[in-house]
Amino acid sequence: MSIAVVGVEPHERFPGVYVVKFEDGSEKLATRNLVPGHKVYGEQLVKWEGVEYRIWNPYRSKLAAAILKGIKVMPIREGMRVLYLGAASGTTASHVSDIIGPRGIVYAVEFAPRVMREFIERCGVRGNMIPILADAQFPALYRAVVTEVDVVYADIAQPFQSKILADNSDAFLNEEGWAMIAIKAMSIDVTQEPSETYRREINTLKERKFEINDVVHLEPFDEAHAFVVAQRVRETR
Ligand code: SAM
């Protein structure tokens, strides 16, 4: 039997993110469901004062984990355009879709066809998500589809992920736009200590004109992961 909901409050710092309070005193992150009645990854749906929310699982989504680990900045807001690299079957990207709402767009890039099929089955009803079957290493492939974006989000667990993020930012990110990146140390390079990989990836972002806003480690929700938020530095002429 599910535990009764006794309240839903906006997150104290991040608009579009909510905290659901349960009868037993527990609290969970949530987003307002853009498509009421539809689940994406088996998440719990809860209703409060006529509005439906989707519980946001930090063990399944690194962005939820980063919020619970106290990241200082979470730049995604209502109406924004987000280029999401490594959308997989849409777990985190669907919560981004909830936050940006019907006026925003998530361009969801994924290169594995089977995974992209699942994405379309799960997120096809979401009118603000555009699936793009492509390798994020080659942003020119989707130049005809993607417009200027406010945020580039990368979770592709590839070597030199920050370079891929920066190449996509050169192509699509607006001046002073944001980068968000989940760095999975072990799968990026098994021969290095996690901290070395983090340092290398963060240095790449700095070299590519990003100012680092915050870095959090995602344990216990995710092992050997860091989550970085950075902002493009305006060019001075
Ligand atoms: N971000 C997802 C979430 O939180 O719901 C999980 C992403 S999973 C860790 C990484 C995904 O990136 C995989 O689905 C993989 O197929 C995809 N991927 C890896 N390299 C890629 C590339 N170069 N271009 C596009 N997708 C890529």
# chains A, B, ... in the order shown; residues from 1 in each chain; ligands from 1
>>> residues_around(residues="Asn168 of chain A", least_positions_apart="4", cutoff="9 Å", atoms="only C-alpha atoms", output="ChimeraX atom specification")
/A:83,136-140,152,163-164,172-173
>>> select_by_dssp(residues="segment 124-235 of chain A", states="helix (DSSP H, G or I)", output="PyMOL selection string")
chain A and resi 139-142+161-172+185-188+194-207
>>> closest_residue(among="A:Val17, A:Leu218, A:Val229, A:Leu133", to="ligand 1", atoms="only C-alpha atoms and all ligand atoms")
A:Leu133
>>> closest_atom_pairs(of="chain A", to="ligand 1", cutoff="10 Å", atoms="only C-alpha atoms and all ligand atoms", output="CSV")
residue,atom,partner,partner_atom_place_in_ligand_line,distance
A:Tyr41,CA,ligand 1,5 (O),9.4
A:Pro58,CA,ligand 1,4 (O),9.6
A:Tyr59,CA,ligand 1,4 (O),9.7
A:Arg60,CA,ligand 1,4 (O),6.6
A:Ser61,CA,ligand 1,4 (O),4.6
A:Lys62,CA,ligand 1,4 (O),5.9
A:Leu63,CA,ligand 1,4 (O),7.3
A:Ala64,CA,ligand 1,4 (O),9.1
A:Tyr84,CA,ligand 1,1 (N),7.8
A:Leu85,CA,ligand 1,25 (C),5.9
A:Gly86,CA,ligand 1,12 (O),3.4
A:Ala87,CA,ligand 1,1 (N),4.8
A:Ala88,CA,ligand 1,14 (O),3.6
A:Ser89,CA,ligand 1,5 (O),6.3
A:Gly90,CA,ligand 1,5 (O),5.1
A:Thr91,CA,ligand 1,5 (O),3.8
A:Thr92,CA,ligand 1,5 (O),4.1
A:Ala93,CA,ligand 1,5 (O),6.1
A:Ser94,CA,ligand 1,5 (O),8.1
A:His95,CA,ligand 1,5 (O),9.2
A:Ala108,CA,ligand 1,25 (C),9.1
A:Val109,CA,ligand 1,25 (C),5.6
A:Glu110,CA,ligand 1,26 (N),3.8
A:Phe111,CA,ligand 1,25 (C),4.1
A:Ala112,CA,ligand 1,16 (O),4.8
A:Pro113,CA,ligand 1,16 (O),8.4
A:Arg114,CA,ligand 1,16 (O),9.0
A:Val115,CA,ligand 1,14 (O),6.3
A:Met116,CA,ligand 1,14 (O),8.1
A:Phe119,CA,ligand 1,14 (O),9.7
A:Ile132,CA,ligand 1,25 (C),9.0
A:Leu133,CA,ligand 1,25 (C),7.6
A:Ala134,CA,ligand 1,25 (C),5.9
A:Asp135,CA,ligand 1,24 (N),3.6
A:Ala136,CA,ligand 1,24 (N),3.8
A:Gln137,CA,ligand 1,23 (N),5.3
A:Phe138,CA,ligand 1,23 (N),8.1
A:Pro139,CA,ligand 1,24 (N),9.5
A:Tyr153,CA,ligand 1,1 (N),8.6
A:Ala154,CA,ligand 1,1 (N),7.3
A:Asp155,CA,ligand 1,1 (N),4.9
A:Ile156,CA,ligand 1,12 (O),3.7
A:Ala157,CA,ligand 1,10 (C),5.8
A:Gln158,CA,ligand 1,20 (N),5.7
A:Pro159,CA,ligand 1,20 (N),9.1
A:Gln161,CA,ligand 1,23 (N),8.5
A:Ile164,CA,ligand 1,23 (N),8.0
A:Ile181,CA,ligand 1,1 (N),9.7
A:Ala182,CA,ligand 1,1 (N),8.4
A:Ile183,CA,ligand 1,9 (C),9.5
A:Lys184,CA,ligand 1,9 (C),8.2
A:Ser187,CA,ligand 1,9 (C),9.7
>>> atom_distance(atom1="atom CA of Asn33 of chain A", atom2="atom CA of Val19 of chain A")
13.6 Å
>>> closest_residue(among="A:Leu34, A:Leu165, A:Ile67, A:Ile55", to="Gly101 of chain A", atoms="only C-alpha atoms")
A:Leu34
>>> atom_distance(atom1="atom CA of Ile100 of chain A", atom2="atom CA of Val151 of chain A")
11.3 Å
>>> closest_residue(among="A:Glu23, A:Glu78, A:Asp98, A:Glu235", to="Trp56 of chain A", atoms="only C-alpha atoms")
A:Asp98
>>> residues_around(residues="Ile3 of chain A", least_positions_apart="4", cutoff="10 Å", atoms="only C-alpha atoms", output="number ranges by chain")
A: 21-26
>>> select_by_dssp(residues="chain A", states="strand (DSSP E)", output="tab-separated table (two decimals) with N, CA, C and O atoms, in the first residue's frame")
chain	number	residue	atom	x	y	z
A	5	VAL	N	0.16	11.06	0.68
A	5	VAL	CA	0.85	12.35	0.49
A	5	VAL	C	0.17	13.38	1.39
A	5	VAL	O	-1.05	13.46	1.44
A	6	VAL	N	1.01	14.19	2.10
A	6	VAL	CA	0.42	15.21	2.98
A	6	VAL	C	0.76	16.63	2.52
A	6	VAL	O	0.33	17.60	3.13
A	7	GLY	N	1.52	16.74	1.43
A	7	GLY	CA	1.81	18.07	0.92
A	7	GLY	C	2.81	18.03	-0.22
A	7	GLY	O	3.55	17.05	-0.36
A	8	VAL	N	2.80	19.08	-1.05
A	8	VAL	CA	3.81	19.23	-2.11
A	8	VAL	C	4.26	20.68	-2.06
A	8	VAL	O	3.42	21.60	-2.04
A	9	GLU	N	5.57	20.89	-2.01
A	9	GLU	CA	6.08	22.27	-1.96
A	9	GLU	C	7.09	22.48	-3.07
A	9	GLU	O	7.82	21.55	-3.42
A	10	PRO	N	7.16	23.71	-3.61
A	10	PRO	CA	8.22	24.00	-4.59
A	10	PRO	C	9.59	23.83	-3.91
A	10	PRO	O	9.72	24.14	-2.73
A	18	TYR	N	9.92	20.04	-7.32
A	18	TYR	CA	9.02	20.01	-6.16
A	18	TYR	C	9.51	18.99	-5.14
A	18	TYR	O	10.27	18.07	-5.47
A	19	VAL	N	9.02	19.17	-3.90
A	19	VAL	CA	9.30	18.21	-2.84
A	19	VAL	C	7.95	17.69	-2.35
A	19	VAL	O	7.10	18.47	-1.91
A	20	VAL	N	7.77	16.36	-2.48
A	20	VAL	CA	6.52	15.72	-2.04
A	20	VAL	C	6.74	15.20	-0.62
A	20	VAL	O	7.75	14.54	-0.34
A	21	LYS	N	5.79	15.54	0.25
A	21	LYS	CA	5.90	15.12	1.67
A	21	LYS	C	4.89	14.01	1.93
A	21	LYS	O	3.72	14.13	1.55
A	22	PHE	N	5.35	12.96	2.58
A	22	PHE	CA	4.51	11.80	2.85
A	22	PHE	C	4.16	11.74	4.34
A	22	PHE	O	4.85	12.32	5.18
A	27	GLU	N	10.35	12.55	2.46
A	27	GLU	CA	10.19	13.55	1.41
A	27	GLU	C	10.87	13.03	0.15
A	27	GLU	O	11.93	12.39	0.24
A	28	LYS	N	10.27	13.33	-1.02
A	28	LYS	CA	10.89	12.91	-2.29
A	28	LYS	C	10.82	14.04	-3.30
A	28	LYS	O	9.84	14.79	-3.31
A	29	LEU	N	11.83	14.10	-4.16
A	29	LEU	CA	11.81	15.08	-5.24
A	29	LEU	C	10.77	14.67	-6.28
A	29	LEU	O	10.51	13.47	-6.46
A	30	ALA	N	10.25	15.65	-7.01
A	30	ALA	CA	9.27	15.35	-8.05
A	30	ALA	C	9.26	16.49	-9.07
A	30	ALA	O	9.79	17.58	-8.81
A	31	THR	N	8.67	16.20	-10.23
A	31	THR	CA	8.38	17.27	-11.19
A	31	THR	C	6.90	17.16	-11.56
A	31	THR	O	6.29	16.09	-11.41
A	32	ARG	N	6.35	18.27	-12.04
A	32	ARG	CA	4.93	18.29	-12.42
A	32	ARG	C	4.78	17.56	-13.74
A	32	ARG	O	5.46	17.89	-14.73
A	45	LEU	N	3.34	8.10	-9.50
A	45	LEU	CA	2.61	9.34	-9.80
A	45	LEU	C	1.83	9.71	-8.54
A	45	LEU	O	1.20	8.84	-7.94
A	46	VAL	N	1.88	10.98	-8.15
A	46	VAL	CA	1.09	11.40	-6.99
A	46	VAL	C	0.28	12.64	-7.37
A	46	VAL	O	0.70	13.46	-8.19
A	47	LYS	N	-0.90	12.74	-6.76
A	47	LYS	CA	-1.77	13.90	-7.02
A	47	LYS	C	-1.88	14.73	-5.77
A	47	LYS	O	-2.02	14.20	-4.67
A	48	TRP	N	-1.78	16.04	-5.93
A	48	TRP	CA	-1.98	16.95	-4.79
A	48	TRP	C	-2.67	18.21	-5.32
A	48	TRP	O	-2.19	18.81	-6.29
A	51	VAL	N	-3.18	18.50	-9.07
A	51	VAL	CA	-2.02	18.48	-9.97
A	51	VAL	C	-1.30	17.14	-9.82
A	51	VAL	O	-1.15	16.65	-8.70
A	52	GLU	N	-0.87	16.58	-10.95
A	52	GLU	CA	-0.14	15.31	-10.88
A	52	GLU	C	1.37	15.55	-10.95
A	52	GLU	O	1.85	16.32	-11.80
A	53	TYR	N	2.09	14.88	-10.07
A	53	TYR	CA	3.56	14.98	-10.02
A	53	TYR	C	4.16	13.59	-10.25
A	53	TYR	O	3.55	12.58	-9.90
A	54	ARG	N	5.39	13.57	-10.82
A	54	ARG	CA	6.13	12.32	-10.99
A	54	ARG	C	7.29	12.32	-9.99
A	54	ARG	O	8.12	13.24	-10.00
A	55	ILE	N	7.33	11.28	-9.16
A	55	ILE	CA	8.45	11.16	-8.21
A	55	ILE	C	9.73	10.96	-9.02
A	55	ILE	O	9.77	10.20	-9.99
A	81	ARG	N	15.37	25.91	-23.90
A	81	ARG	CA	15.71	24.86	-24.87
A	81	ARG	C	16.97	24.16	-24.37
A	81	ARG	O	17.96	24.82	-24.05
A	82	VAL	N	16.89	22.84	-24.33
A	82	VAL	CA	17.99	22.04	-23.77
A	82	VAL	C	18.43	21.01	-24.80
A	82	VAL	O	17.60	20.28	-25.34
A	83	LEU	N	19.73	20.97	-25.07
A	83	LEU	CA	20.30	19.91	-25.91
A	83	LEU	C	20.83	18.84	-24.97
A	83	LEU	O	21.76	19.08	-24.20
A	84	TYR	N	20.22	17.64	-25.03
A	84	TYR	CA	20.52	16.58	-24.07
A	84	TYR	C	21.28	15.47	-24.80
A	84	TYR	O	20.72	14.78	-25.66
A	85	LEU	N	22.55	15.29	-24.46
A	85	LEU	CA	23.40	14.29	-25.13
A	85	LEU	C	23.44	13.02	-24.29
A	85	LEU	O	23.83	13.05	-23.12
A	105	ILE	N	11.93	23.16	-25.23
A	105	ILE	CA	12.23	22.01	-26.10
A	105	ILE	C	13.42	21.24	-25.52
A	105	ILE	O	14.41	21.86	-25.10
A	106	VAL	N	13.30	19.91	-25.50
A	106	VAL	CA	14.47	19.06	-25.24
A	106	VAL	C	14.84	18.39	-26.56
A	106	VAL	O	14.04	17.63	-27.11
A	107	TYR	N	16.04	18.68	-27.06
A	107	TYR	CA	16.58	17.93	-28.20
A	107	TYR	C	17.33	16.75	-27.60
A	107	TYR	O	18.34	16.94	-26.91
A	108	ALA	N	16.83	15.54	-27.83
A	108	ALA	CA	17.35	14.36	-27.13
A	108	ALA	C	18.19	13.52	-28.09
A	108	ALA	O	17.66	12.84	-28.96
A	109	VAL	N	19.52	13.58	-27.90
A	109	VAL	CA	20.45	12.87	-28.81
A	109	VAL	C	20.85	11.53	-28.19
A	109	VAL	O	21.27	11.48	-27.03
A	110	GLU	N	20.71	10.46	-28.97
A	110	GLU	CA	21.08	9.12	-28.50
A	110	GLU	C	21.53	8.33	-29.73
A	110	GLU	O	20.90	8.40	-30.77
A	129	MET	N	9.65	17.14	-26.71
A	129	MET	CA	10.91	16.41	-26.85
A	129	MET	C	11.12	16.01	-28.31
A	129	MET	O	10.22	15.44	-28.93
A	130	ILE	N	12.31	16.29	-28.82
A	130	ILE	CA	12.61	15.93	-30.21
A	130	ILE	C	13.73	14.88	-30.19
A	130	ILE	O	14.87	15.19	-29.82
A	131	PRO	N	13.41	13.62	-30.54
A	131	PRO	CA	14.45	12.58	-30.54
A	131	PRO	C	15.36	12.73	-31.75
A	131	PRO	O	14.90	12.98	-32.86
A	132	ILE	N	16.66	12.56	-31.51
A	132	ILE	CA	17.64	12.65	-32.61
A	132	ILE	C	18.56	11.43	-32.50
A	132	ILE	O	19.32	11.30	-31.54
A	133	LEU	N	18.45	10.53	-33.47
A	133	LEU	CA	19.31	9.34	-33.49
A	133	LEU	C	20.62	9.72	-34.16
A	133	LEU	O	20.68	9.84	-35.40
A	149	VAL	N	20.37	26.84	-28.14
A	149	VAL	CA	19.85	26.31	-26.88
A	149	VAL	C	20.41	27.10	-25.69
A	149	VAL	O	21.44	27.78	-25.80
A	150	ASP	N	19.72	26.95	-24.54
A	150	ASP	CA	20.14	27.63	-23.31
A	150	ASP	C	21.06	26.75	-22.46
A	150	ASP	O	21.84	27.25	-21.66
A	151	VAL	N	20.90	25.42	-22.64
A	151	VAL	CA	21.67	24.47	-21.83
A	151	VAL	C	22.09	23.30	-22.71
A	151	VAL	O	21.29	22.80	-23.51
A	152	VAL	N	23.38	22.87	-22.56
A	152	VAL	CA	23.79	21.58	-23.13
A	152	VAL	C	24.06	20.65	-21.94
A	152	VAL	O	24.84	20.98	-21.05
A	153	TYR	N	23.37	19.50	-21.95
A	153	TYR	CA	23.47	18.52	-20.85
A	153	TYR	C	24.13	17.28	-21.43
A	153	TYR	O	23.70	16.77	-22.46
A	154	ALA	N	25.18	16.78	-20.78
A	154	ALA	CA	25.86	15.59	-21.33
A	154	ALA	C	25.96	14.49	-20.29
A	154	ALA	O	26.42	14.71	-19.16
A	173	LEU	N	25.11	26.46	-28.34
A	173	LEU	CA	24.81	27.13	-27.05
A	173	LEU	C	24.83	28.64	-27.20
A	173	LEU	O	25.72	29.20	-27.85
A	174	ASN	N	23.86	29.30	-26.58
A	174	ASN	CA	23.84	30.76	-26.66
A	174	ASN	C	24.93	31.37	-25.77
A	174	ASN	O	25.51	30.69	-24.93
A	175	GLU	N	25.20	32.65	-25.98
A	175	GLU	CA	26.20	33.35	-25.19
A	175	GLU	C	25.79	33.26	-23.73
A	175	GLU	O	24.62	33.49	-23.42
A	176	GLU	N	26.69	32.93	-22.86
A	176	GLU	CA	26.40	32.80	-21.43
A	176	GLU	C	25.44	31.65	-21.11
A	176	GLU	O	24.78	31.64	-20.07
A	177	GLY	N	25.33	30.68	-22.04
A	177	GLY	CA	24.51	29.49	-21.79
A	177	GLY	C	25.22	28.56	-20.81
A	177	GLY	O	26.37	28.78	-20.42
A	178	TRP	N	24.50	27.49	-20.46
A	178	TRP	CA	24.96	26.61	-19.39
A	178	TRP	C	25.36	25.23	-19.90
A	178	TRP	O	24.77	24.72	-20.86
A	179	ALA	N	26.33	24.62	-19.20
A	179	ALA	CA	26.70	23.23	-19.46
A	179	ALA	C	26.46	22.43	-18.19
A	179	ALA	O	26.75	22.90	-17.09
A	180	MET	N	25.90	21.23	-18.37
A	180	MET	CA	25.72	20.33	-17.23
A	180	MET	C	26.26	18.98	-17.67
A	180	MET	O	25.93	18.50	-18.76
A	181	ILE	N	27.10	18.37	-16.83
A	181	ILE	CA	27.76	17.14	-17.28
A	181	ILE	C	27.92	16.16	-16.11
A	181	ILE	O	28.34	16.55	-15.02
A	182	ALA	N	27.52	14.92	-16.37
A	182	ALA	CA	27.72	13.85	-15.39
A	182	ALA	C	28.95	13.08	-15.84
A	182	ALA	O	28.96	12.49	-16.92
A	183	ILE	N	29.99	13.11	-15.02
A	183	ILE	CA	31.24	12.45	-15.40
A	183	ILE	C	31.31	11.10	-14.69
A	183	ILE	O	31.39	11.04	-13.46
A	184	LYS	N	31.29	10.03	-15.47
A	184	LYS	CA	31.43	8.70	-14.89
A	184	LYS	C	32.88	8.29	-15.01
A	184	LYS	O	33.34	7.91	-16.09
A	210	PHE	N	34.48	27.80	-20.35
A	210	PHE	CA	33.41	27.64	-19.37
A	210	PHE	C	33.97	28.00	-18.00
A	210	PHE	O	35.12	27.69	-17.68
A	211	GLU	N	33.11	28.65	-17.20
A	211	GLU	CA	33.45	28.93	-15.82
A	211	GLU	C	32.72	27.89	-14.97
A	211	GLU	O	31.50	27.72	-15.14
A	212	ILE	N	33.45	27.20	-14.11
A	212	ILE	CA	32.84	26.12	-13.32
A	212	ILE	C	32.04	26.74	-12.17
A	212	ILE	O	32.58	27.51	-11.36
A	213	ASN	N	30.77	26.42	-12.10
A	213	ASN	CA	29.91	26.92	-11.02
A	213	ASN	C	29.93	26.02	-9.81
A	213	ASN	O	29.97	26.48	-8.69
A	214	ASP	N	29.83	24.73	-10.06
A	214	ASP	CA	29.80	23.81	-8.92
A	214	ASP	C	30.10	22.39	-9.39
A	214	ASP	O	29.84	22.04	-10.55
A	215	VAL	N	30.66	21.61	-8.48
A	215	VAL	CA	30.92	20.19	-8.74
A	215	VAL	C	30.42	19.44	-7.50
A	215	VAL	O	30.78	19.80	-6.38
A	216	VAL	N	29.58	18.42	-7.71
A	216	VAL	CA	29.21	17.58	-6.56
A	216	VAL	C	29.47	16.11	-6.91
A	216	VAL	O	29.42	15.72	-8.08
A	217	HIS	N	29.77	15.34	-5.89
A	217	HIS	CA	29.93	13.89	-6.06
A	217	HIS	C	28.60	13.23	-5.75
A	217	HIS	O	27.90	13.65	-4.84
A	225	HIS	N	30.80	8.96	-9.61
A	225	HIS	CA	30.29	9.97	-10.53
A	225	HIS	C	30.46	11.36	-9.92
A	225	HIS	O	30.26	11.53	-8.72
A	226	ALA	N	30.77	12.33	-10.78
A	226	ALA	CA	30.71	13.73	-10.36
A	226	ALA	C	29.75	14.43	-11.31
A	226	ALA	O	29.59	14.02	-12.47
A	227	PHE	N	29.11	15.48	-10.82
A	227	PHE	CA	28.19	16.25	-11.65
A	227	PHE	C	28.67	17.70	-11.63
A	227	PHE	O	28.92	18.26	-10.57
A	228	VAL	N	28.82	18.28	-12.83
A	228	VAL	CA	29.41	19.61	-12.95
A	228	VAL	C	28.41	20.55	-13.62
A	228	VAL	O	27.79	20.18	-14.62
A	229	VAL	N	28.28	21.75	-13.06
A	229	VAL	CA	27.51	22.81	-13.73
A	229	VAL	C	28.47	23.94	-14.05
A	229	VAL	O	29.26	24.36	-13.19
A	230	ALA	N	28.45	24.40	-15.30
A	230	ALA	CA	29.38	25.43	-15.74
A	230	ALA	C	28.65	26.41	-16.65
A	230	ALA	O	27.60	26.08	-17.22
A	231	GLN	N	29.21	27.62	-16.76
A	231	GLN	CA	28.57	28.63	-17.62
A	231	GLN	C	29.58	29.18	-18.61
A	231	GLN	O	30.74	29.40	-18.27
A	232	ARG	N	29.13	29.39	-19.84
A	232	ARG	CA	30.00	29.92	-20.88
A	232	ARG	C	30.39	31.34	-20.52
A	232	ARG	O	29.55	32.15	-20.13
>>> atom_distance(atom1="atom CA of Ala66 of chain A", atom2="atom CA of Val35 of chain A")
24.6 Å
>>> residues_around(residues="Arg77 of chain A", least_positions_apart="5", cutoff="9 Å", atoms="only C-alpha atoms", output="PDB file with N, CA, C and O atoms, in the first residue's frame")
ATOM      1  N   PHE A  14      15.033  25.810  -6.729  1.00  0.00           N
ATOM      2  CA  PHE A  14      14.945  25.523  -8.165  1.00  0.00           C
ATOM      3  C   PHE A  14      13.500  25.466  -8.652  1.00  0.00           C
ATOM      4  O   PHE A  14      12.803  24.459  -8.430  1.00  0.00           O
ATOM      5  N   PRO A  15      13.036  26.518  -9.354  1.00  0.00           N
ATOM      6  CA  PRO A  15      11.665  26.506  -9.864  1.00  0.00           C
ATOM      7  C   PRO A  15      11.442  25.311 -10.793  1.00  0.00           C
ATOM      8  O   PRO A  15      12.332  24.939 -11.567  1.00  0.00           O
ATOM      9  N   GLY A  16      10.259  24.722 -10.702  1.00  0.00           N
ATOM     10  CA  GLY A  16       9.953  23.573 -11.564  1.00  0.00           C
ATOM     11  C   GLY A  16      10.282  22.245 -10.905  1.00  0.00           C
ATOM     12  O   GLY A  16       9.921  21.190 -11.418  1.00  0.00           O
ATOM     13  N   VAL A  96      13.415  16.709 -17.267  1.00  0.00           N
ATOM     14  CA  VAL A  96      13.775  18.008 -17.862  1.00  0.00           C
ATOM     15  C   VAL A  96      12.585  18.515 -18.682  1.00  0.00           C
ATOM     16  O   VAL A  96      12.227  19.696 -18.616  1.00  0.00           O
ATOM     17  N   ILE A  99      10.108  20.090 -16.453  1.00  0.00           N
ATOM     18  CA  ILE A  99      10.530  21.389 -15.898  1.00  0.00           C
ATOM     19  C   ILE A  99      10.392  22.505 -16.942  1.00  0.00           C
ATOM     20  O   ILE A  99       9.904  23.591 -16.647  1.00  0.00           O
ATOM     21  N   ILE A 100      10.804  22.236 -18.169  1.00  0.00           N
ATOM     22  CA  ILE A 100      10.754  23.299 -19.198  1.00  0.00           C
ATOM     23  C   ILE A 100       9.333  23.539 -19.696  1.00  0.00           C
ATOM     24  O   ILE A 100       9.034  24.614 -20.215  1.00  0.00           O
ATOM     25  N   GLY A 101       8.454  22.538 -19.560  1.00  0.00           N
ATOM     26  CA  GLY A 101       7.045  22.718 -19.916  1.00  0.00           C
ATOM     27  C   GLY A 101       6.811  22.845 -21.411  1.00  0.00           C
ATOM     28  O   GLY A 101       7.731  22.708 -22.224  1.00  0.00           O
ATOM     29  N   GLY A 104       9.076  24.990 -23.787  1.00  0.00           N
ATOM     30  CA  GLY A 104      10.487  24.647 -23.978  1.00  0.00           C
ATOM     31  C   GLY A 104      10.652  23.488 -24.952  1.00  0.00           C
ATOM     32  O   GLY A 104       9.672  22.932 -25.454  1.00  0.00           O
TER      33      GLY A 104
END
>>> closest_residue(among="A:Pro220, A:Phe160, A:Val125, A:Thr147", to="His38 of chain A", atoms="only C-alpha atoms")
A:Val125
